[in-house]
file data_29.txt (compact mmCIF, C-alpha atoms and all ligand atoms)
# COMPACT_ATOMS: atom_id res chain seq x y z
CA MET O 1 66.38 129.24 81.25
CA THR O 2 70.11 129.85 81.28
CA PRO O 3 72.29 126.93 80.20
CA LYS O 4 73.18 126.32 83.84
CA GLU O 5 69.53 126.33 84.88
CA PHE O 6 68.66 123.93 82.06
CA ASP O 7 71.45 121.64 83.19
CA ALA O 8 70.26 121.72 86.80
CA HIS O 9 66.64 121.06 85.83
CA HIS O 10 67.05 118.43 83.16
CA LEU O 11 70.44 116.72 83.09
CA TRP O 12 71.40 113.90 85.35
CA HIS O 13 75.10 113.91 86.33
CA PRO O 14 77.06 110.98 87.81
CA TYR O 15 75.85 109.98 91.27
CA SER O 16 73.60 113.01 91.51
CA SER O 17 70.07 113.99 92.40
CA VAL O 18 67.90 115.96 90.00
CA SER O 19 65.71 117.15 92.86
CA ASP O 20 68.72 118.55 94.73
CA PRO O 21 71.33 119.24 92.04
CA ALA O 22 74.98 119.40 93.05
CA PRO O 23 77.10 122.46 92.20
CA MET O 24 78.39 122.36 88.62
CA HIS O 25 81.17 124.15 86.70
CA ARG O 26 80.36 124.72 83.02
CA VAL O 27 83.42 123.83 80.93
CA ALA O 28 83.79 125.56 77.56
CA ARG O 29 87.20 124.22 76.46
CA ALA O 30 89.94 121.84 77.48
CA ASP O 31 93.51 122.44 76.29
CA GLY O 32 96.68 120.83 77.59
CA VAL O 33 96.01 120.30 81.29
CA THR O 34 93.66 123.26 81.61
CA LEU O 35 89.88 123.42 81.72
CA THR O 36 88.43 126.81 80.72
CA LEU O 37 85.01 127.53 82.16
CA ALA O 38 82.21 129.36 80.39
CA ASP O 39 82.86 132.45 82.55
CA GLY O 40 86.53 132.46 81.49
CA ALA O 41 87.93 131.05 84.75
CA GLN O 42 90.55 128.31 84.38
CA MET O 43 91.36 125.20 86.40
CA ILE O 44 94.27 122.77 86.09
CA ASP O 45 92.72 119.32 85.77
CA GLY O 46 94.04 117.20 88.64
CA MET O 47 91.59 114.42 87.75
CA ALA O 48 92.51 113.90 84.06
CA SER O 49 88.77 113.45 83.46
CA TRP O 50 88.36 110.53 85.80
CA TRP O 51 91.87 109.28 85.10
CA SER O 52 91.55 109.00 81.33
CA ALA O 53 93.17 112.10 79.76
CA ILE O 54 96.77 110.95 80.28
CA HIS O 55 98.18 113.19 77.52
CA GLY O 56 96.06 116.21 78.47
CA TYR O 57 93.51 117.69 76.07
CA GLY O 58 93.67 118.70 72.42
CA GLN O 59 96.85 116.74 71.63
CA PRO O 60 97.28 117.61 67.92
CA SER O 61 98.15 114.08 66.76
CA MET O 62 95.13 112.61 68.52
CA VAL O 63 92.76 115.29 67.25
CA LYS O 64 94.08 114.70 63.72
CA ALA O 65 93.72 110.92 64.00
CA VAL O 66 90.06 111.25 64.98
CA GLN O 67 89.34 113.94 62.36
CA ASP O 68 90.97 111.88 59.59
CA GLN O 69 89.10 108.77 60.65
CA ALA O 70 85.78 110.66 60.91
CA ALA O 71 86.26 111.91 57.35
CA LYS O 72 86.75 108.32 56.12
CA MET O 73 84.39 106.23 58.24
CA SER O 74 83.20 107.05 61.72
CA HIS O 75 81.44 103.76 62.27
CA VAL O 76 80.49 100.47 60.69
CA MET O 77 79.10 97.44 62.45
CA PHE O 78 81.71 94.90 63.54
CA GLY O 79 79.52 91.87 62.89
CA GLY O 80 80.67 90.44 59.55
CA LEU O 81 82.82 93.51 58.85
CA THR O 82 86.27 94.54 60.00
CA HIS O 83 88.54 97.54 59.41
CA ASP O 84 92.11 98.75 59.69
CA PRO O 85 91.65 100.93 62.80
CA ALA O 86 90.55 97.86 64.80
CA ILE O 87 93.38 95.74 63.35
CA GLU O 88 96.02 98.41 63.92
CA LEU O 89 94.92 98.96 67.50
CA GLY O 90 94.91 95.21 68.09
CA ARG O 91 98.53 94.94 66.92
CA ARG O 92 99.57 97.72 69.30
CA LEU O 93 97.71 96.18 72.23
CA LEU O 94 99.42 92.81 71.69
CA ASP O 95 102.79 94.61 71.75
CA ILE O 96 102.25 96.07 75.22
CA THR O 97 100.28 93.38 77.06
CA PRO O 98 101.48 90.06 78.54
CA ALA O 99 102.19 87.51 75.78
CA PRO O 100 99.52 84.96 76.80
CA LEU O 101 96.75 87.51 76.14
CA GLN O 102 96.12 87.01 72.43
CA ARG O 103 92.38 87.55 71.99
CA ILE O 104 90.81 90.99 72.07
CA PHE O 105 87.16 91.89 72.58
CA TYR O 106 86.44 95.61 72.03
CA VAL O 107 83.59 97.22 73.99
CA ASP O 108 82.19 100.65 74.74
CA SER O 109 83.09 101.32 78.37
CA GLY O 110 84.90 99.99 81.39
CA SER O 111 81.83 98.53 83.06
CA VAL O 112 80.98 96.61 79.90
CA ALA O 113 84.58 95.33 79.68
CA VAL O 114 84.05 93.86 83.15
CA GLU O 115 80.66 92.41 82.16
CA VAL O 116 82.31 90.77 79.17
CA ALA O 117 85.15 89.40 81.29
CA MET O 118 82.73 87.85 83.77
CA LYS O 119 80.61 86.44 80.97
CA MET O 120 83.74 84.98 79.32
CA ALA O 121 84.72 83.27 82.58
CA ALA O 122 81.25 81.83 83.12
CA GLN O 123 80.84 80.70 79.50
CA TYR O 124 84.33 79.16 79.53
CA GLN O 125 83.61 77.17 82.69
CA GLN O 126 80.34 75.95 81.23
CA ALA O 127 82.00 75.03 77.93
CA VAL O 128 84.69 72.93 79.60
CA GLY O 129 82.11 70.99 81.60
CA ARG O 130 82.06 72.87 84.89
CA ALA O 131 78.54 74.23 84.63
CA GLY O 132 78.17 74.77 88.38
CA LYS O 133 80.82 77.49 88.29
CA HIS O 134 78.99 80.77 87.81
CA GLN O 135 79.80 82.88 90.88
CA PHE O 136 82.80 85.12 91.52
CA VAL O 137 85.22 85.84 94.33
CA THR O 138 86.64 89.32 94.80
CA PRO O 139 88.41 91.22 97.57
CA ARG O 140 86.57 93.79 99.63
CA GLY O 141 87.38 97.41 98.76
CA GLY O 142 87.06 96.88 95.01
CA TYR O 143 85.20 98.85 92.37
CA HIS O 144 84.43 97.46 88.91
CA GLY O 145 81.65 99.58 87.43
CA ASP O 146 77.99 100.40 87.71
CA THR O 147 76.31 97.74 85.57
CA TRP O 148 74.64 94.84 87.38
CA LYS O 149 77.29 92.14 87.24
CA ALA O 150 80.17 94.57 87.70
CA MET O 151 78.30 96.12 90.64
CA SER O 152 77.93 92.69 92.26
CA VAL O 153 81.72 92.52 92.69
CA CYS O 154 82.10 96.07 94.03
CA ASP O 155 82.76 96.38 97.74
CA PRO O 156 79.52 95.38 99.49
CA VAL O 157 79.72 98.31 101.92
CA THR O 158 81.02 101.23 99.83
CA GLY O 159 79.39 99.84 96.69
CA MET O 160 75.65 99.95 96.12
CA HIS O 161 74.77 96.55 97.56
CA HIS O 162 72.62 97.87 100.39
CA ILE O 163 70.40 99.75 97.91
CA PHE O 164 70.03 96.85 95.51
CA LYS O 165 69.96 94.07 98.08
CA GLY O 166 68.19 91.06 96.65
CA ALA O 167 68.69 92.20 93.06
CA LEU O 168 72.46 91.63 92.80
CA SER O 169 74.06 88.25 92.19
CA ILE O 170 75.53 86.73 95.34
CA GLN O 171 79.34 86.73 95.20
CA HIS O 172 82.10 85.77 97.64
CA PHE O 173 84.09 88.54 99.33
CA ALA O 174 87.64 87.94 100.52
CA PRO O 175 89.31 90.42 102.89
CA ARG O 176 91.08 93.36 101.24
CA PRO O 177 94.73 92.37 100.56
CA PRO O 178 96.10 93.39 103.97
CA ILE O 179 99.74 94.13 103.15
CA ALA O 180 100.11 97.57 101.60
CA MET O 181 102.46 98.40 98.72
CA GLY O 182 105.83 99.27 100.23
CA GLN O 183 105.31 97.19 103.39
CA ASP O 184 107.32 93.99 103.88
CA TRP O 185 105.70 90.92 102.39
CA THR O 186 105.31 87.85 104.57
CA ASP O 187 104.70 84.31 103.36
CA ASP O 188 102.51 83.70 106.41
CA ASP O 189 99.14 83.16 104.75
CA ALA O 190 97.28 84.09 107.93
CA GLN O 191 98.75 87.58 107.59
CA ASN O 192 99.03 88.16 103.86
CA GLY O 193 95.36 87.53 103.08
CA LEU O 194 95.94 84.40 100.98
CA GLY O 195 94.80 82.10 103.79
CA ALA O 196 91.36 83.72 103.79
CA LEU O 197 91.19 83.54 99.99
CA ARG O 198 92.16 79.86 100.09
CA ALA O 199 89.43 79.14 102.66
CA ILE O 200 86.75 80.70 100.41
CA LEU O 201 87.98 78.83 97.35
CA ALA O 202 88.36 75.52 99.19
CA GLU O 203 84.79 75.71 100.41
CA ASN O 204 83.10 77.17 97.32
CA HIS O 205 85.24 76.33 94.28
CA ALA O 206 82.52 74.15 92.79
CA THR O 207 80.46 77.31 92.22
CA ILE O 208 83.21 79.89 91.58
CA ALA O 209 83.96 80.68 87.93
CA GLY O 210 86.39 83.53 88.39
CA MET O 211 88.22 85.95 90.62
CA VAL O 212 87.86 89.65 89.77
CA ILE O 213 90.49 92.01 91.14
CA GLU O 214 92.06 95.40 90.46
CA PRO O 215 95.79 94.65 90.41
CA VAL O 216 97.86 96.65 92.97
CA VAL O 217 95.56 99.71 93.11
CA GLN O 218 92.01 99.59 94.39
CA GLY O 219 90.70 102.81 92.86
CA ALA O 220 87.16 104.07 93.39
CA GLY O 221 86.74 101.60 96.29
CA GLY O 222 89.22 103.55 98.42
CA MET O 223 92.47 104.43 96.62
CA TYR O 224 94.39 101.69 98.38
CA PHE O 225 97.71 100.29 97.08
CA TYR O 226 98.55 96.71 98.07
CA HIS O 227 101.53 94.40 97.72
CA PRO O 228 101.85 92.81 94.24
CA ARG O 229 102.93 89.50 95.78
CA TYR O 230 99.29 88.99 96.77
CA LEU O 231 98.55 88.60 93.06
CA ASP O 232 101.20 85.91 92.62
CA GLY O 233 99.52 83.97 95.45
CA ALA O 234 96.04 84.57 94.05
CA ARG O 235 97.20 83.23 90.67
CA ALA O 236 98.41 79.99 92.27
CA LEU O 237 95.13 79.56 94.15
CA CYS O 238 93.07 80.22 91.00
CA ASP O 239 95.08 77.54 89.19
CA GLU O 240 94.61 75.09 92.03
CA PHE O 241 90.83 75.58 92.11
CA ASP O 242 90.15 76.03 88.35
CA VAL O 243 89.16 79.65 88.74
CA VAL O 244 89.62 82.20 85.94
CA LEU O 245 91.73 85.16 87.12
CA ILE O 246 90.40 88.52 85.85
CA PHE O 247 92.46 91.68 86.27
CA ASP O 248 90.52 94.92 86.03
CA GLU O 249 93.17 97.38 84.75
CA ILE O 250 90.60 99.98 83.74
CA ALA O 251 92.04 102.52 86.20
CA THR O 252 95.65 101.32 86.27
CA GLY O 253 96.37 100.59 82.60
CA PHE O 254 98.54 102.72 80.29
CA GLY O 255 101.18 103.89 82.73
CA ARG O 256 99.26 105.29 85.68
CA THR O 257 101.19 103.28 88.30
CA GLY O 258 104.57 103.85 86.65
CA LYS O 259 104.41 100.57 84.67
CA MET O 260 102.45 100.15 81.45
CA PHE O 261 100.02 97.87 83.31
CA ALA O 262 99.82 97.17 87.05
CA THR O 263 100.18 93.51 86.06
CA ASP O 264 103.81 94.39 85.30
CA HIS O 265 104.42 94.86 89.06
CA CYS O 266 104.03 91.11 89.61
CA GLU O 267 105.41 87.89 88.17
CA ILE O 268 102.24 86.36 86.83
CA THR O 269 99.64 87.16 84.19
CA PRO O 270 95.86 86.99 84.42
CA ASP O 271 93.58 84.87 82.21
CA ILE O 272 91.54 87.95 81.34
CA LEU O 273 92.54 91.62 81.43
CA CYS O 274 90.09 94.53 81.19
CA MET O 275 91.27 97.95 80.05
CA GLY O 276 89.39 101.20 79.48
CA LYS O 277 89.57 104.86 80.56
CA ALA O 278 93.04 105.94 79.28
CA ILE O 279 92.93 103.55 76.30
CA THR O 280 91.81 106.46 74.06
CA GLY O 281 93.77 109.03 76.06
CA GLY O 282 90.39 110.28 77.25
CA MET O 283 89.17 111.19 73.75
CA MET O 284 86.06 109.00 73.92
CA SER O 285 84.48 106.04 75.63
CA PHE O 286 86.09 102.75 74.69
CA ALA O 287 87.43 99.65 76.40
CA ALA O 288 88.71 96.17 75.69
CA THR O 289 88.76 92.76 77.32
CA MET O 290 91.71 90.56 76.43
CA THR O 291 92.08 86.87 77.10
CA THR O 292 94.19 83.81 76.36
CA ASP O 293 93.86 81.23 73.60
CA LYS O 294 92.95 78.73 76.29
CA ILE O 295 89.87 80.66 77.43
CA ALA O 296 88.89 81.70 73.89
CA ASN O 297 89.26 78.21 72.46
CA GLY O 298 87.51 76.74 75.50
CA ILE O 299 84.50 78.95 74.81
CA GLY O 300 84.58 77.90 71.17
CA SER O 301 84.75 74.20 72.00
CA ALA O 302 81.15 73.69 73.14
CA GLU O 303 77.62 74.79 72.39
CA PRO O 304 76.84 77.46 71.19
CA GLY O 305 80.46 77.59 69.96
CA VAL O 306 80.56 81.38 69.89
CA PHE O 307 81.03 84.01 72.58
CA MET O 308 77.60 85.47 73.24
CA HIS O 309 78.25 89.21 73.19
CA GLY O 310 78.29 91.86 70.44
CA PRO O 311 77.40 95.49 71.11
CA THR O 312 76.30 97.85 68.31
CA PHE O 313 79.36 100.08 68.61
CA MET O 314 81.87 97.27 69.06
CA GLY O 315 85.23 98.18 67.53
CA ASN O 316 84.14 101.74 66.73
CA PRO O 317 86.70 103.04 64.20
CA LEU O 318 86.87 106.54 65.70
CA ALA O 319 87.65 105.14 69.13
CA CYS O 320 90.17 102.67 67.66
CA ALA O 321 91.91 105.53 65.82
CA ALA O 322 92.00 107.63 69.00
CA ALA O 323 93.39 104.68 70.98
CA ALA O 324 96.07 103.94 68.36
CA ALA O 325 97.09 107.63 68.37
CA SER O 326 97.24 107.58 72.18
CA LEU O 327 99.43 104.46 72.14
CA ASP O 328 101.66 106.10 69.52
CA LEU O 329 102.12 109.02 71.92
CA LEU O 330 102.98 106.62 74.73
CA GLY O 331 105.50 105.04 72.37
CA THR O 332 107.16 108.32 71.41
CA THR O 333 107.00 110.42 74.59
CA PRO O 334 109.01 109.82 77.79
CA TRP O 335 105.92 108.90 79.84
CA ARG O 336 107.84 106.68 82.26
CA ALA O 337 110.19 109.52 83.15
CA ARG O 338 107.25 111.92 83.45
CA VAL O 339 105.26 109.61 85.70
CA GLY O 340 108.42 109.00 87.73
CA ALA O 341 108.97 112.75 88.12
CA ILE O 342 105.33 113.27 89.12
CA GLU O 343 105.70 110.49 91.71
CA THR O 344 108.86 111.99 93.20
CA GLN O 345 107.40 115.49 93.36
CA MET O 346 104.10 114.30 94.83
CA ARG O 347 105.93 112.37 97.55
CA ALA O 348 107.89 115.48 98.48
CA GLU O 349 104.90 117.82 98.43
CA LEU O 350 102.17 115.60 99.87
CA GLU O 351 104.11 113.79 102.60
CA PRO O 352 104.22 116.89 104.89
CA LEU O 353 100.39 116.95 104.89
CA ARG O 354 100.53 113.93 107.20
CA ALA O 355 101.13 116.40 110.05
CA LEU O 356 97.74 118.13 109.53
CA ASP O 357 94.80 117.46 111.83
CA GLY O 358 92.40 114.99 110.28
CA VAL O 359 94.88 113.43 107.83
CA ALA O 360 94.91 109.65 108.30
CA ASP O 361 97.40 108.69 105.57
CA VAL O 362 99.30 109.98 102.55
CA ARG O 363 99.98 107.60 99.67
CA VAL O 364 101.68 108.04 96.31
CA LEU O 365 102.17 105.51 93.52
CA GLY O 366 103.12 106.55 90.00
CA ALA O 367 100.90 109.47 89.01
CA ILE O 368 98.38 108.82 91.80
CA GLY O 369 98.51 110.99 94.92
CA VAL O 370 96.16 110.40 97.84
CA VAL O 371 95.54 112.27 101.09
CA GLU O 372 93.23 110.09 103.13
CA MET O 373 91.29 111.94 105.83
CA ASP O 374 89.89 110.41 109.01
CA HIS O 375 86.43 111.70 108.05
CA PHE O 376 84.14 111.95 105.04
CA VAL O 377 85.08 114.72 102.59
CA SER O 378 82.25 116.45 100.76
CA SER O 379 82.83 116.86 97.02
CA ALA O 380 80.14 119.60 97.04
CA GLN O 381 82.16 121.59 99.57
CA ALA O 382 85.35 121.00 97.60
CA HIS O 383 83.66 122.39 94.50
CA PRO O 384 84.03 126.16 95.11
CA ILE O 385 87.55 125.66 96.49
CA SER O 386 88.57 124.13 93.15
CA LYS O 387 87.48 127.22 91.29
CA GLN O 388 89.02 129.60 93.83
CA LEU O 389 92.41 127.84 93.65
CA GLY O 390 92.22 127.10 89.93
CA VAL O 391 92.67 123.33 90.37
CA TRP O 392 89.98 120.80 89.56
CA LEU O 393 89.79 118.11 92.22
CA ARG O 394 86.83 115.95 93.15
CA PRO O 395 87.38 114.15 96.45
CA PHE O 396 85.31 111.09 97.32
CA GLY O 397 84.74 109.17 100.52
CA HIS O 398 87.65 109.97 102.84
CA ASN O 399 90.05 110.72 100.00
CA ILE O 400 91.38 113.94 98.54
CA TYR O 401 93.34 112.65 95.57
CA CYS O 402 94.74 113.53 92.17
CA MET O 403 95.51 111.59 89.00
CA PRO O 404 96.90 114.33 86.75
CA PRO O 405 97.72 114.04 83.05
CA TYR O 406 101.30 112.82 82.55
CA VAL O 407 102.15 116.09 80.76
CA THR O 408 101.48 118.16 83.90
CA SER O 409 104.49 120.43 84.52
CA GLY O 410 106.27 120.75 87.87
CA ASP O 411 104.66 124.16 88.52
CA GLU O 412 101.21 122.89 87.63
CA LEU O 413 101.68 119.87 89.86
CA SER O 414 102.70 122.13 92.75
CA LYS O 415 99.41 123.98 92.32
CA ILE O 416 97.57 120.65 92.46
CA THR O 417 99.36 119.48 95.63
CA HIS O 418 98.84 122.93 97.19
CA ALA O 419 95.10 122.66 96.49
CA MET O 420 95.05 119.17 98.02
CA GLY O 421 96.68 120.63 101.15
CA GLU O 422 94.14 123.47 101.31
CA MET O 423 91.28 121.00 100.97
CA ALA O 424 92.81 118.83 103.71
CA ARG O 425 92.96 121.91 105.97
CA VAL O 426 89.44 123.18 105.25
CA LEU O 427 87.25 120.14 104.57
N1 LIG O 501 86.76 99.28 86.81
C1 LIG O 501 87.51 100.19 87.43
C2 LIG O 501 88.72 99.73 88.19
C3 LIG O 501 87.18 101.55 87.38
O1 LIG O 501 87.93 102.44 88.04
C4 LIG O 501 86.04 101.94 86.64
C5 LIG O 501 85.62 103.40 86.53
N2 LIG O 501 85.97 104.22 87.57
C6 LIG O 501 85.29 100.96 85.98
C7 LIG O 501 85.68 99.64 86.08
C8 LIG O 501 84.07 101.31 85.18
O2 LIG O 501 84.43 101.96 84.01
P1 LIG O 501 83.37 102.89 83.22
O3 LIG O 501 83.09 104.04 84.14
O4 LIG O 501 84.10 103.28 81.97
O5 LIG O 501 82.17 102.06 82.97

call {"tool": "encode", "arguments": {"input": "data_29.txt", "output": "structure tokens"}}
result
Amino acid sequence: MTPKEFDAHHLWHPYSSVSDPAPMHRVARADGVTLTLADGAQMIDGMASWWSAIHGYGQPSMVKAVQDQAAKMSHVMFGGLTHDPAIELGRRLLDITPAPLQRIFYVDSGSVAVEVAMKMAAQYQQAVGRAGKHQFVTPRGGYHGDTWKAMSVCDPVTGMHHIFKGALSIQHFAPRPPIAMGQDWTDDDAQNGLGALRAILAENHATIAGMVIEPVVQGAGGMYFYHPRYLDGARALCDEFDVVLIFDEIATGFGRTGKMFATDHCEITPDILCMGKAITGGMMSFAATMTTDKIANGIGSAEPGVFMHGPTFMGNPLACAAAAASLDLLGTTPWRARVGAIETQMRAELEPLRALDGVADVRVLGAIGVVEMDHFVSSAQAHPISKQLGVWLRPFGHNIYCMPPYVTSGDELSKITHAMGEMARVL
């Protein structure tokens, strides 16, 4: 069997069938913003490896940080032991996150960060004497991961609810925040979505532990950008009804929307913030869930007195070293200016695509560019076009989109937007 045949016969890929394998490019190297395939062909990576490789690939300081750490200690258990990479990363995270978030729980992936956040909210509510609060409210159109509890707060239509009906926890779904980013905000709660959220909380607050929401950008649920003022209103409602507010910044964190965190677009802060993806600059899987002293001490105040979670690879030193090196790069490179330049160029180059047949909307925020079609776009059909044009893009649902590394040059970005236009014409 050739390597490609072996892959097709034996390896499961994300959201794929082994009986009818999807087309696959075999990547041999990744340098800068370029993926080199086994046959020597090259593609500019418009996806930044599912939005994580913000500095591109093979950044010397990050490679060195991981190599140095691997030579010293690649892993030790975090139960009863601690280490400098975890402490150093913690210091850096406190520097860049909202001041009330003082407690950090390291985990292995974004989905697990969401699981931990939901568990924290439920355990907190139980600890402070509100044992009936164990469900969650979330807006439609969200995506929070593929594990059971995270999946239960994904959009019930575009998520996997219909397949796993009966197996997922029942949650409460509010309408998607109706006012888009850039539209005028109105304080009329019937129009801004907060009236509907209030109605759900008023009726069900006795059973609702937390609200889970992606701030400003709904990512894998539809690439939709909504008005940050919705979050200010949601915060007030959560306070009124004793509901823990959880921001899932796994897609938006570390500069993607033009601010360090999407939370920085609004006035308020969440009780719990999940981060992942770009935390290690795409070097390896890692994530973190941060919370306030109030939630952490609340959990500690009642039986069993400890937070009941502790994965084997918690606080992995290699991942902590990669994350610290990535944050150092954010601290020393002009990422805001770069993301701003990407935003300006994408607006100029994508906006004209609105005129094409089949294009329903064009949206840009920070280093996120979206061409929404009025029909489903096949990622399998996009696959050969990527190779032909030398730009890696993987559309989903109705969206042809890019989230390039921040180090993408103007010329490289033009190739990405050109490929998005070609896909919009052909698919
Ligand atoms: N939350 C959001 C907002 C995400 O975009 C994702 C991944 N696309 C996740 C959670 C899950 O993260 P992971 O794939 O690392 O489990």

call {"tool": "residues_near_ligand", "arguments": {"input": "data_29.txt", "ligand": "ligand LIG 501 (chain O)", "cutoff": "7 Å", "atoms": "all atoms listed in the file", "output": "ChimeraX atom specification"}}
result
/O:50,109-112,114,143-146,214,219-220,248-251,276-277,285

call {"tool": "closest_residue", "arguments": {"input": "data_29.txt", "among": "O:Lys165, O:Lys72, O:Lys294, O:Arg354", "to": "Val128 of chain O", "atoms": "all atoms listed in the file"}}
result
O:Lys294

call {"tool": "atom_distance", "arguments": {"input": "data_29.txt", "atom1": "atom CA of Ala367 of chain O", "atom2": "atom CA of Ile342 of chain O"}}
result
5.8 Å

call {"tool": "residues_around", "arguments": {"input": "data_29.txt", "residues": "segment 399-402 of chain O", "least_positions_apart": "6", "cutoff": "6 Å", "atoms": "only C-alpha atoms", "output": "list of chain:residue names"}}
result
O:Gly46, O:Met47, O:Ile368, O:Gly369, O:Val370, O:Val371, O:Glu372

call {"tool": "atom_distance", "arguments": {"input": "data_29.txt", "atom1": "atom CA of Val244 of chain O", "atom2": "atom CA of Glu88 of chain O"}}
result
28.1 Å

call {"tool": "closest_residue", "arguments": {"input": "data_29.txt", "among": "O:Gly56, O:Gly210, O:Pro395, O:Pro85", "to": "Asp68 of chain O", "atoms": "only C-alpha atoms"}}
result
O:Pro85

call {"tool": "residues_around", "arguments": {"input": "data_29.txt", "residues": "Phe136 of chain O", "least_positions_apart": "5", "cutoff": "12 Å", "atoms": "all atoms listed in the file", "output": "NGL selection string"}}
result
:O and (117-119 or 121-122 or 125 or 149-154 or 169-174 or 200-201 or 204-213 or 238 or 243-246)

call {"tool": "residues_around", "arguments": {"input": "data_29.txt", "residues": "Ser326 of chain O", "least_positions_apart": "6", "cutoff": "10 Å", "atoms": "only C-alpha atoms", "output": "list in words"}}
result
Ala53, Ile54, His55, Gln59, Ser61, Met62, Ala65, Phe254, Ala278, Ile279, Thr280, Gly281, Gly282, Met283, Cys320 and Thr332 of chain O
